[in-house]
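Enquirer: Just one file: structure_7.cif, with mmCIF, N, CA, C and O atoms.
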data_model
#
loop_
_atom_site.group_PDB
_atom_site.id
_atom_site.type_symbol
_atom_site.label_atom_id
_atom_site.label_comp_id
_atom_site.auth_asym_id
_atom_site.auth_seq_id
_atom_site.Cartn_x
_atom_site.Cartn_y
_atom_site.Cartn_z
ATOM 1 N N MET Q 1 -199.125 -109.565 -40.980
ATOM 2 C CA MET Q 1 -198.984 -108.169 -40.628
ATOM 3 C C MET Q 1 -199.757 -107.921 -39.342
ATOM 4 O O MET Q 1 -200.918 -108.298 -39.215
ATOM 5 N N LEU Q 2 -199.100 -107.271 -38.418
ATOM 6 C CA LEU Q 2 -199.754 -106.860 -37.179
ATOM 7 C C LEU Q 2 -200.385 -105.501 -37.409
ATOM 8 O O LEU Q 2 -199.746 -104.593 -37.925
ATOM 9 N N VAL Q 3 -201.655 -105.355 -37.061
ATOM 10 C CA VAL Q 3 -202.357 -104.085 -37.220
ATOM 11 C C VAL Q 3 -202.732 -103.563 -35.838
ATOM 12 O O VAL Q 3 -203.371 -104.279 -35.061
ATOM 13 N N LEU Q 4 -202.292 -102.333 -35.539
ATOM 14 C CA LEU Q 4 -202.569 -101.724 -34.242
ATOM 15 C C LEU Q 4 -203.221 -100.369 -34.445
ATOM 16 O O LEU Q 4 -202.920 -99.665 -35.403
ATOM 17 N N SER Q 5 -204.088 -99.996 -33.542
ATOM 18 C CA SER Q 5 -204.666 -98.655 -33.542
ATOM 19 C C SER Q 5 -203.930 -97.826 -32.502
ATOM 20 O O SER Q 5 -203.696 -98.287 -31.386
ATOM 21 N N ARG Q 6 -203.575 -96.608 -32.863
ATOM 22 C CA ARG Q 6 -202.883 -95.697 -31.953
ATOM 23 C C ARG Q 6 -203.495 -94.323 -32.103
ATOM 24 O O ARG Q 6 -203.957 -93.947 -33.174
ATOM 25 N N LYS Q 7 -203.467 -93.557 -31.056
ATOM 26 C CA LYS Q 7 -203.938 -92.176 -31.078
ATOM 27 C C LYS Q 7 -202.735 -91.246 -30.979
ATOM 28 O O LYS Q 7 -201.630 -91.682 -30.627
ATOM 29 N N LYS Q 8 -202.963 -89.974 -31.250
ATOM 30 C CA LYS Q 8 -201.909 -88.979 -31.154
ATOM 31 C C LYS Q 8 -201.231 -89.074 -29.786
ATOM 32 O O LYS Q 8 -201.887 -89.165 -28.757
ATOM 33 N N GLY Q 9 -199.904 -89.114 -29.812
ATOM 34 C CA GLY Q 9 -199.116 -89.205 -28.581
ATOM 35 C C GLY Q 9 -198.829 -90.618 -28.130
ATOM 36 O O GLY Q 9 -197.996 -90.829 -27.256
ATOM 37 N N GLU Q 10 -199.497 -91.608 -28.710
ATOM 38 C CA GLU Q 10 -199.265 -92.997 -28.329
ATOM 39 C C GLU Q 10 -198.126 -93.585 -29.169
ATOM 40 O O GLU Q 10 -197.833 -93.116 -30.257
ATOM 41 N N SER Q 11 -197.498 -94.630 -28.630
ATOM 42 C CA SER Q 11 -196.314 -95.201 -29.265
ATOM 43 C C SER Q 11 -196.431 -96.704 -29.440
ATOM 44 O O SER Q 11 -197.270 -97.356 -28.830
ATOM 45 N N ILE Q 12 -195.515 -97.208 -30.246
ATOM 46 C CA ILE Q 12 -195.313 -98.642 -30.449
ATOM 47 C C ILE Q 12 -193.818 -98.877 -30.283
ATOM 48 O O ILE Q 12 -193.002 -98.112 -30.816
ATOM 49 N N VAL Q 13 -193.435 -99.916 -29.546
ATOM 50 C CA VAL Q 13 -192.025 -100.229 -29.335
ATOM 51 C C VAL Q 13 -191.711 -101.545 -30.037
ATOM 52 O O VAL Q 13 -192.450 -102.524 -29.915
ATOM 53 N N ILE Q 14 -190.592 -101.560 -30.760
ATOM 54 C CA ILE Q 14 -190.146 -102.753 -31.474
ATOM 55 C C ILE Q 14 -188.787 -103.170 -30.911
ATOM 56 O O ILE Q 14 -187.809 -102.420 -30.986
ATOM 57 N N GLN Q 15 -188.726 -104.352 -30.338
ATOM 58 C CA GLN Q 15 -187.509 -104.960 -29.800
ATOM 59 C C GLN Q 15 -186.696 -104.025 -28.907
ATOM 60 O O GLN Q 15 -185.477 -103.945 -29.024
ATOM 61 N N ASP Q 16 -187.298 -103.344 -28.028
ATOM 62 C CA ASP Q 16 -186.632 -102.493 -27.032
ATOM 63 C C ASP Q 16 -185.779 -101.366 -27.610
ATOM 64 O O ASP Q 16 -185.180 -100.612 -26.869
ATOM 65 N N GLN Q 17 -185.643 -101.270 -28.925
ATOM 66 C CA GLN Q 17 -184.728 -100.289 -29.510
ATOM 67 C C GLN Q 17 -185.408 -99.261 -30.400
ATOM 68 O O GLN Q 17 -184.883 -98.189 -30.610
ATOM 69 N N ILE Q 18 -186.551 -99.607 -30.961
ATOM 70 C CA ILE Q 18 -187.204 -98.733 -31.926
ATOM 71 C C ILE Q 18 -188.564 -98.328 -31.372
ATOM 72 O O ILE Q 18 -189.354 -99.180 -30.963
ATOM 73 N N GLU Q 19 -188.815 -97.024 -31.359
ATOM 74 C CA GLU Q 19 -190.097 -96.527 -30.872
ATOM 75 C C GLU Q 19 -190.742 -95.661 -31.949
ATOM 76 O O GLU Q 19 -190.130 -94.733 -32.464
ATOM 77 N N LEU Q 20 -191.973 -96.008 -32.304
ATOM 78 C CA LEU Q 20 -192.770 -95.240 -33.260
ATOM 79 C C LEU Q 20 -193.818 -94.479 -32.470
ATOM 80 O O LEU Q 20 -194.563 -95.081 -31.694
ATOM 81 N N THR Q 21 -193.869 -93.167 -32.652
ATOM 82 C CA THR Q 21 -194.834 -92.340 -31.934
ATOM 83 C C THR Q 21 -195.708 -91.603 -32.927
ATOM 84 O O THR Q 21 -195.196 -91.010 -33.884
ATOM 85 N N ILE Q 22 -197.017 -91.656 -32.726
ATOM 86 C CA ILE Q 22 -197.938 -90.909 -33.577
ATOM 87 C C ILE Q 22 -197.893 -89.456 -33.124
ATOM 88 O O ILE Q 22 -198.238 -89.129 -31.993
ATOM 89 N N LEU Q 23 -197.428 -88.567 -34.018
ATOM 90 C CA LEU Q 23 -197.283 -87.159 -33.677
ATOM 91 C C LEU Q 23 -198.531 -86.363 -34.000
ATOM 92 O O LEU Q 23 -198.911 -85.460 -33.251
ATOM 93 N N SER Q 24 -199.154 -86.672 -35.132
ATOM 94 C CA SER Q 24 -200.381 -85.969 -35.492
ATOM 95 C C SER Q 24 -201.147 -86.771 -36.527
ATOM 96 O O SER Q 24 -200.586 -87.600 -37.240
ATOM 97 N N VAL Q 25 -202.440 -86.502 -36.596
ATOM 98 C CA VAL Q 25 -203.317 -87.095 -37.599
ATOM 99 C C VAL Q 25 -204.132 -85.949 -38.179
ATOM 100 O O VAL Q 25 -204.841 -85.249 -37.458
ATOM 101 N N GLU Q 26 -203.981 -85.723 -39.487
ATOM 102 C CA GLU Q 26 -204.711 -84.655 -40.170
ATOM 103 C C GLU Q 26 -205.327 -85.235 -41.432
ATOM 104 O O GLU Q 26 -204.618 -85.515 -42.396
ATOM 105 N N GLY Q 27 -206.622 -85.460 -41.421
ATOM 106 C CA GLY Q 27 -207.282 -86.100 -42.558
ATOM 107 C C GLY Q 27 -206.779 -87.520 -42.702
ATOM 108 O O GLY Q 27 -206.784 -88.286 -41.748
ATOM 109 N N ASP Q 28 -206.288 -87.849 -43.900
ATOM 110 C CA ASP Q 28 -205.763 -89.199 -44.109
ATOM 111 C C ASP Q 28 -204.233 -89.231 -44.043
ATOM 112 O O ASP Q 28 -203.595 -90.159 -44.527
ATOM 113 N N THR Q 29 -203.640 -88.209 -43.422
ATOM 114 C CA THR Q 29 -202.189 -88.150 -43.247
ATOM 115 C C THR Q 29 -201.839 -88.333 -41.777
ATOM 116 O O THR Q 29 -202.385 -87.658 -40.908
ATOM 117 N N VAL Q 30 -200.923 -89.248 -41.522
ATOM 118 C CA VAL Q 30 -200.451 -89.515 -40.166
ATOM 119 C C VAL Q 30 -198.978 -89.151 -40.106
ATOM 120 O O VAL Q 30 -198.185 -89.583 -40.947
ATOM 121 N N LYS Q 31 -198.581 -88.352 -39.138
ATOM 122 C CA LYS Q 31 -197.176 -87.999 -38.950
ATOM 123 C C LYS Q 31 -196.636 -88.901 -37.847
ATOM 124 O O LYS Q 31 -197.170 -88.929 -36.733
ATOM 125 N N VAL Q 32 -195.561 -89.647 -38.176
ATOM 126 C CA VAL Q 32 -194.983 -90.623 -37.261
ATOM 127 C C VAL Q 32 -193.561 -90.205 -36.923
ATOM 128 O O VAL Q 32 -192.767 -89.900 -37.822
ATOM 129 N N GLY Q 33 -193.217 -90.209 -35.647
ATOM 130 C CA GLY Q 33 -191.848 -89.990 -35.193
ATOM 131 C C GLY Q 33 -191.205 -91.332 -34.917
ATOM 132 O O GLY Q 33 -191.845 -92.226 -34.374
ATOM 133 N N ILE Q 34 -189.935 -91.476 -35.292
ATOM 134 C CA ILE Q 34 -189.233 -92.746 -35.111
ATOM 135 C C ILE Q 34 -187.960 -92.502 -34.317
ATOM 136 O O ILE Q 34 -187.117 -91.701 -34.712
ATOM 137 N N SER Q 35 -187.823 -93.196 -33.200
ATOM 138 C CA SER Q 35 -186.587 -93.175 -32.412
ATOM 139 C C SER Q 35 -185.942 -94.545 -32.556
ATOM 140 O O SER Q 35 -186.565 -95.566 -32.253
ATOM 141 N N ALA Q 36 -184.692 -94.545 -33.039
ATOM 142 C CA ALA Q 36 -183.989 -95.803 -33.260
ATOM 143 C C ALA Q 36 -182.490 -95.566 -33.113
ATOM 144 O O ALA Q 36 -182.029 -94.425 -33.251
ATOM 145 N N PRO Q 37 -181.724 -96.623 -32.857
ATOM 146 C CA PRO Q 37 -180.267 -96.476 -32.796
ATOM 147 C C PRO Q 37 -179.726 -95.957 -34.136
ATOM 148 O O PRO Q 37 -180.325 -96.184 -35.193
ATOM 149 N N LYS Q 38 -178.589 -95.269 -34.092
ATOM 150 C CA LYS Q 38 -178.017 -94.671 -35.308
ATOM 151 C C LYS Q 38 -177.666 -95.706 -36.371
ATOM 152 O O LYS Q 38 -177.656 -95.397 -37.558
ATOM 153 N N HIS Q 39 -177.371 -96.947 -35.968
ATOM 154 C CA HIS Q 39 -176.987 -97.960 -36.952
ATOM 155 C C HIS Q 39 -178.191 -98.533 -37.715
ATOM 156 O O HIS Q 39 -178.016 -99.285 -38.671
ATOM 157 N N VAL Q 40 -179.397 -98.175 -37.333
ATOM 158 C CA VAL Q 40 -180.606 -98.653 -38.007
ATOM 159 C C VAL Q 40 -180.975 -97.655 -39.105
ATOM 160 O O VAL Q 40 -181.231 -96.486 -38.840
ATOM 161 N N ASP Q 41 -180.964 -98.125 -40.358
ATOM 162 C CA ASP Q 41 -181.369 -97.280 -41.476
ATOM 163 C C ASP Q 41 -182.884 -97.204 -41.540
ATOM 164 O O ASP Q 41 -183.575 -98.219 -41.418
ATOM 165 N N ILE Q 42 -183.403 -95.995 -41.748
ATOM 166 C CA ILE Q 42 -184.844 -95.785 -41.847
ATOM 167 C C ILE Q 42 -185.112 -94.995 -43.120
ATOM 168 O O ILE Q 42 -184.538 -93.928 -43.324
ATOM 169 N N PHE Q 43 -185.946 -95.549 -44.002
ATOM 170 C CA PHE Q 43 -186.272 -94.917 -45.275
ATOM 171 C C PHE Q 43 -187.774 -94.984 -45.507
ATOM 172 O O PHE Q 43 -188.426 -95.938 -45.090
ATOM 173 N N ARG Q 44 -188.313 -93.986 -46.223
ATOM 174 C CA ARG Q 44 -189.656 -94.141 -46.770
ATOM 175 C C ARG Q 44 -189.569 -95.267 -47.802
ATOM 176 O O ARG Q 44 -188.540 -95.447 -48.454
ATOM 177 N N LYS Q 45 -190.635 -96.029 -47.962
ATOM 178 C CA LYS Q 45 -190.580 -97.199 -48.822
ATOM 179 C C LYS Q 45 -190.185 -96.859 -50.246
ATOM 180 O O LYS Q 45 -189.386 -97.568 -50.867
ATOM 181 N N GLU Q 46 -190.718 -95.744 -50.808
ATOM 182 C CA GLU Q 46 -190.390 -95.411 -52.195
ATOM 183 C C GLU Q 46 -188.905 -95.078 -52.344
ATOM 184 O O GLU Q 46 -188.286 -95.394 -53.367
ATOM 185 N N VAL Q 47 -188.290 -94.498 -51.326
ATOM 186 C CA VAL Q 47 -186.852 -94.222 -51.361
ATOM 187 C C VAL Q 47 -186.077 -95.529 -51.254
ATOM 188 O O VAL Q 47 -185.112 -95.761 -51.987
ATOM 189 N N TYR Q 48 -186.497 -96.408 -50.360
ATOM 190 C CA TYR Q 48 -185.854 -97.713 -50.194
ATOM 191 C C TYR Q 48 -185.878 -98.510 -51.500
ATOM 192 O O TYR Q 48 -184.867 -99.072 -51.919
ATOM 193 N N LEU Q 49 -187.032 -98.543 -52.159
ATOM 194 C CA LEU Q 49 -187.146 -99.274 -53.425
ATOM 195 C C LEU Q 49 -186.259 -98.661 -54.499
ATOM 196 O O LEU Q 49 -185.645 -99.381 -55.297
ATOM 197 N N SER Q 50 -186.145 -97.350 -54.526
ATOM 198 C CA SER Q 50 -185.272 -96.669 -55.483
ATOM 199 C C SER Q 50 -183.809 -97.025 -55.227
ATOM 200 O O SER Q 50 -183.044 -97.274 -56.173
ATOM 201 N N ILE Q 51 -183.409 -97.064 -53.975
ATOM 202 C CA ILE Q 51 -182.035 -97.460 -53.623
ATOM 203 C C ILE Q 51 -181.774 -98.890 -54.063
ATOM 204 O O ILE Q 51 -180.720 -99.191 -54.642
ATOM 205 N N GLN Q 52 -182.724 -99.781 -53.807
ATOM 206 C CA GLN Q 52 -182.557 -101.182 -54.200
ATOM 207 C C GLN Q 52 -182.398 -101.314 -55.713
ATOM 208 O O GLN Q 52 -181.549 -102.067 -56.197
ATOM 209 N N GLU Q 53 -183.211 -100.590 -56.477
ATOM 210 C CA GLU Q 53 -183.128 -100.635 -57.934
ATOM 211 C C GLU Q 53 -181.783 -100.102 -58.413
ATOM 212 O O GLU Q 53 -181.156 -100.690 -59.299
ATOM 213 N N SER Q 54 -181.322 -99.009 -57.835
ATOM 214 C CA SER Q 54 -180.011 -98.454 -58.206
ATOM 215 C C SER Q 54 -178.901 -99.450 -57.912
ATOM 216 O O SER Q 54 -177.961 -99.597 -58.705
ATOM 217 N N ASN Q 55 -178.999 -100.134 -56.788
ATOM 218 C CA ASN Q 55 -178.000 -101.150 -56.452
ATOM 219 C C ASN Q 55 -178.002 -102.288 -57.461
ATOM 220 O O ASN Q 55 -176.944 -102.755 -57.894
ATOM 221 N N ARG Q 56 -179.186 -102.736 -57.867
ATOM 222 C CA ARG Q 56 -179.267 -103.815 -58.868
ATOM 223 C C ARG Q 56 -178.670 -103.364 -60.192
ATOM 224 O O ARG Q 56 -177.954 -104.117 -60.843
ATOM 225 N N GLU Q 57 -178.962 -102.119 -60.589
ATOM 226 C CA GLU Q 57 -178.435 -101.607 -61.847
ATOM 227 C C GLU Q 57 -176.916 -101.480 -61.816
ATOM 228 O O GLU Q 57 -176.250 -101.725 -62.814
ATOM 229 N N SER Q 58 -176.358 -101.104 -60.688
ATOM 230 C CA SER Q 58 -174.904 -100.932 -60.609
ATOM 231 C C SER Q 58 -174.186 -102.273 -60.575
ATOM 232 O O SER Q 58 -173.035 -102.365 -60.988
ATOM 233 N N VAL Q 59 -174.841 -103.323 -60.125
ATOM 234 C CA VAL Q 59 -174.232 -104.648 -60.067
ATOM 235 C C VAL Q 59 -174.345 -105.363 -61.411
ATOM 236 O O VAL Q 59 -173.480 -106.165 -61.762
ATOM 237 N N ALA Q 60 -175.371 -105.075 -62.199
ATOM 238 C CA ALA Q 60 -175.615 -105.794 -63.454
ATOM 239 C C ALA Q 60 -174.413 -105.772 -64.392
ATOM 240 O O ALA Q 60 -174.014 -106.832 -64.887
ATOM 241 N N PRO Q 61 -173.779 -104.614 -64.682
ATOM 242 C CA PRO Q 61 -172.612 -104.625 -65.572
ATOM 243 C C PRO Q 61 -171.455 -105.443 -64.996
ATOM 244 O O PRO Q 61 -170.765 -106.141 -65.724
ATOM 245 N N GLN Q 62 -171.264 -105.373 -63.694
ATOM 246 C CA GLN Q 62 -170.203 -106.155 -63.070
ATOM 247 C C GLN Q 62 -170.488 -107.635 -63.199
ATOM 248 O O GLN Q 62 -169.585 -108.435 -63.436
ATOM 249 N N GLN Q 63 -171.757 -108.022 -63.041
ATOM 250 C CA GLN Q 63 -172.129 -109.427 -63.170
ATOM 251 C C GLN Q 63 -171.890 -109.907 -64.595
ATOM 252 O O GLN Q 63 -171.395 -111.008 -64.808
ATOM 253 N N ALA Q 64 -172.224 -109.066 -65.578
ATOM 254 C CA ALA Q 64 -171.997 -109.436 -66.976
ATOM 255 C C ALA Q 64 -170.509 -109.604 -67.236
ATOM 256 O O ALA Q 64 -170.091 -110.550 -67.919
ATOM 257 N N ASP Q 65 -169.674 -108.701 -66.714
ATOM 258 C CA ASP Q 65 -168.222 -108.812 -66.872
ATOM 259 C C ASP Q 65 -167.703 -110.079 -66.216
ATOM 260 O O ASP Q 65 -166.840 -110.768 -66.768
ATOM 261 N N LEU Q 66 -168.214 -110.393 -65.032
ATOM 262 C CA LEU Q 66 -167.795 -111.598 -64.330
ATOM 263 C C LEU Q 66 -168.187 -112.847 -65.113
ATOM 264 O O LEU Q 66 -167.396 -113.781 -65.255
ATOM 265 N N ASN Q 67 -169.405 -112.858 -65.647
ATOM 266 C CA ASN Q 67 -169.845 -114.005 -66.443
ATOM 267 C C ASN Q 67 -168.976 -114.177 -67.686
ATOM 268 O O ASN Q 67 -168.627 -115.302 -68.064
ATOM 269 N N ALA Q 68 -168.610 -113.071 -68.339
ATOM 270 C CA ALA Q 68 -167.745 -113.143 -69.518
ATOM 271 C C ALA Q 68 -166.374 -113.685 -69.139
ATOM 272 O O ALA Q 68 -165.791 -114.508 -69.874
ATOM 273 N N LEU Q 69 -165.833 -113.248 -68.012
ATOM 274 C CA LEU Q 69 -164.535 -113.729 -67.554
ATOM 275 C C LEU Q 69 -164.590 -115.220 -67.256
ATOM 276 O O LEU Q 69 -163.698 -115.976 -67.660
ATOM 277 N N ILE Q 70 -165.624 -115.670 -66.580
ATOM 278 C CA ILE Q 70 -165.779 -117.100 -66.275
ATOM 279 C C ILE Q 70 -165.861 -117.898 -67.566
ATOM 280 O O ILE Q 70 -165.234 -118.958 -67.698
ATOM 281 N N HIS Q 71 -166.621 -117.388 -68.534
ATOM 282 C CA HIS Q 71 -166.744 -118.069 -69.821
ATOM 283 C C HIS Q 71 -165.382 -118.198 -70.500
ATOM 284 O O HIS Q 71 -165.018 -119.251 -71.014
ATOM 285 N N ARG Q 72 -164.595 -117.116 -70.501
ATOM 286 C CA ARG Q 72 -163.261 -117.148 -71.107
ATOM 287 C C ARG Q 72 -162.333 -118.105 -70.380
ATOM 288 O O ARG Q 72 -161.574 -118.838 -71.003
ATOM 289 N N LEU Q 73 -162.404 -118.104 -69.043
ATOM 290 C CA LEU Q 73 -161.531 -118.986 -68.271
ATOM 291 C C LEU Q 73 -161.872 -120.453 -68.499
ATOM 292 O O LEU Q 73 -160.987 -121.300 -68.540
ATOM 293 N N ARG Q 74 -163.140 -120.748 -68.652
ATOM 294 C CA ARG Q 74 -163.539 -122.138 -68.904
ATOM 295 C C ARG Q 74 -163.040 -122.618 -70.262
ATOM 296 O O ARG Q 74 -162.743 -123.781 -70.445
ATOM 297 N N GLY Q 75 -162.942 -121.689 -71.201
ATOM 298 C CA GLY Q 75 -162.468 -122.055 -72.528
ATOM 299 C C GLY Q 75 -160.956 -121.964 -72.668
ATOM 300 O O GLY Q 75 -160.383 -122.328 -73.686
ATOM 301 N N TYR Q 76 -160.283 -121.496 -71.612
ATOM 302 C CA TYR Q 76 -158.831 -121.316 -71.657
ATOM 303 C C TYR Q 76 -158.131 -122.663 -71.550
ATOM 304 O O TYR Q 76 -158.426 -123.489 -70.713
ATOM 305 N N ASN Q 77 -157.198 -122.895 -72.454
ATOM 306 C CA ASN Q 77 -156.434 -124.126 -72.448
ATOM 307 C C ASN Q 77 -154.955 -123.743 -72.519
ATOM 308 O O ASN Q 77 -154.475 -123.303 -73.549
ATOM 309 N N PRO Q 78 -154.190 -123.896 -71.422
ATOM 310 C CA PRO Q 78 -152.794 -123.478 -71.417
ATOM 311 C C PRO Q 78 -151.926 -124.244 -72.402
ATOM 312 O O PRO Q 78 -150.863 -123.799 -72.780
ATOM 313 N N ALA Q 79 -152.381 -125.408 -72.883
ATOM 314 C CA ALA Q 79 -151.608 -126.203 -73.844
ATOM 315 C C ALA Q 79 -151.687 -125.618 -75.239
ATOM 316 O O ALA Q 79 -150.892 -125.983 -76.111
ATOM 317 N N ASP Q 80 -152.634 -124.704 -75.513
ATOM 318 C CA ASP Q 80 -152.772 -124.130 -76.845
ATOM 319 C C ASP Q 80 -151.645 -123.196 -77.181
ATOM 320 O O ASP Q 80 -151.082 -122.486 -76.493
#
Output the structure of this file as structure tokens.
Expert:
Amino acid sequence: MLVLSRKKGESIVIQDQIELTILSVEGDTVKVGISAPKHVDIFRKEVYLSIQESNRESVAPQQADLNALIHRLRGYNPAD
């Protein structure tokens, strides 16, 4: 992990496309502005983790159905 110190109004640039700017510091809260191309998704970590969990949950039933289908196909014998 790279650790940098920044003051209000200072920025960090990532790969020429993403710029993080410190907008304000109040107590232990830092307000950060992010400029990035529209195709770059930006989420707070807790939202990102929630999306990932929802995606895993929505795939699980499909995976179970797929596994059941594979099991049936492996046991399928057209000569029967």
Enquirer: Would you list the contacts of range 18-20 of chain Q as number ranges by chain, taking every protein, DNA or RNA residue within 6 Å and counting only N, CA, C and O atoms, but skipping same-chain residues closer than 3 positions in sequence?
Expert: Q: 10-15, 33-37
Enquirer: The PyMOL selection byres ((chain Q and resi 3-7) around 7) - which residues does that actually catch in the file I just gave you? List them as a list in words.
Expert: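 Residues picked by the PyMOL selection byres ((chain Q and resi 3-7) around 7): Met1, Leu2, Lys8, Gly9, Glu10, Ser11, Thr21, Ile22 and Leu23 of chain Q.
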Enquirer: Mind writing the picked residues with N, CA, C and O atoms as a compact mmCIF listing (two decimals), in the frame of the given file?
Expert:
# COMPACT_ATOMS: atom_id res chain seq x y z
N MET Q 1 -199.12 -109.56 -40.98
CA MET Q 1 -198.98 -108.17 -40.63
C MET Q 1 -199.76 -107.92 -39.34
O MET Q 1 -200.92 -108.30 -39.22
N LEU Q 2 -199.10 -107.27 -38.42
CA LEU Q 2 -199.75 -106.86 -37.18
C LEU Q 2 -200.38 -105.50 -37.41
O LEU Q 2 -199.75 -104.59 -37.92
N LYS Q 8 -202.96 -89.97 -31.25
CA LYS Q 8 -201.91 -88.98 -31.15
C LYS Q 8 -201.23 -89.07 -29.79
O LYS Q 8 -201.89 -89.16 -28.76
N GLY Q 9 -199.90 -89.11 -29.81
CA GLY Q 9 -199.12 -89.20 -28.58
C GLY Q 9 -198.83 -90.62 -28.13
O GLY Q 9 -198.00 -90.83 -27.26
N GLU Q 10 -199.50 -91.61 -28.71
CA GLU Q 10 -199.26 -93.00 -28.33
C GLU Q 10 -198.13 -93.58 -29.17
O GLU Q 10 -197.83 -93.12 -30.26
N SER Q 11 -197.50 -94.63 -28.63
CA SER Q 11 -196.31 -95.20 -29.26
C SER Q 11 -196.43 -96.70 -29.44
O SER Q 11 -197.27 -97.36 -28.83
N THR Q 21 -193.87 -93.17 -32.65
CA THR Q 21 -194.83 -92.34 -31.93
C THR Q 21 -195.71 -91.60 -32.93
O THR Q 21 -195.20 -91.01 -33.88
N ILE Q 22 -197.02 -91.66 -32.73
CA ILE Q 22 -197.94 -90.91 -33.58
C ILE Q 22 -197.89 -89.46 -33.12
O ILE Q 22 -198.24 -89.13 -31.99
N LEU Q 23 -197.43 -88.57 -34.02
CA LEU Q 23 -197.28 -87.16 -33.68
C LEU Q 23 -198.53 -86.36 -34.00
O LEU Q 23 -198.91 -85.46 -33.25
Enquirer: Would you work out the distance separating atom C of Asp65 in chain Q from atom O of Val47 in chain Q, expressed in Å to one decimal?
Expert: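 Separating atom C of Asp65 in chain Q from atom O of Val47 in chain Q is a distance of 26.7 Å.
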Enquirer: One decimal, in Å: what's the spacing between atom N of Ile42 in chain Q and atom N of Asn55 in chain Q?
Expert: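 Separation between atom N of Ile42 in chain Q and atom N of Asn55 in chain Q: 16.2 Å.
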Enquirer: Please, which residues of chain Q, numbered as in this document, come out alpha helix (DSSP H) from DSSP, as a ChimeraX atom specification?
Expert: /Q:45-75
Enquirer: Quote the spacing between CA of Asp28 in chain Q and CA of Lys45 in chain Q in Å to one decimal place.
Expert: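 Result for CA of Asp28 in chain Q versus CA of Lys45 in chain Q: 17.8 Å, one decimal.
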Enquirer: Which is closer to Lys38 in chain Q than all the others in Q:Glu26, Q:Arg56, Q:Gln17, Q:Leu73, using all atoms listed in the file?
Expert: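 Smallest separation from Lys38 in chain Q among the options: Q:Gln17.
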Enquirer: Padding 6 Å on every side, please: axis-aligned box over the listed atoms of range 43-54 of chain Q, centre and edge lengths to one decimal in Å, as lines of an AutoDock Vina configuration file.
Expert:
center_x = -184.3
center_y = -98.0
center_z = -51.7
size_x = 24.8
size_y = 20.1
size_z = 27.3
Enquirer: Assign secondary structure with DSSP using the backbone only, and return the residues of chain Q in strand (DSSP E or B) as a list in words.
Expert: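 For chain Q, the strand (DSSP E or B) set is Ser11, Ile12, Val13, Ile14, Ile18, Glu19, Leu20, Thr21, Ile22, Leu23, Ser24, Val25, Glu26, Thr29, Val30, Lys31, Val32, Gly33, Ile34 and Ser35 of chain Q.
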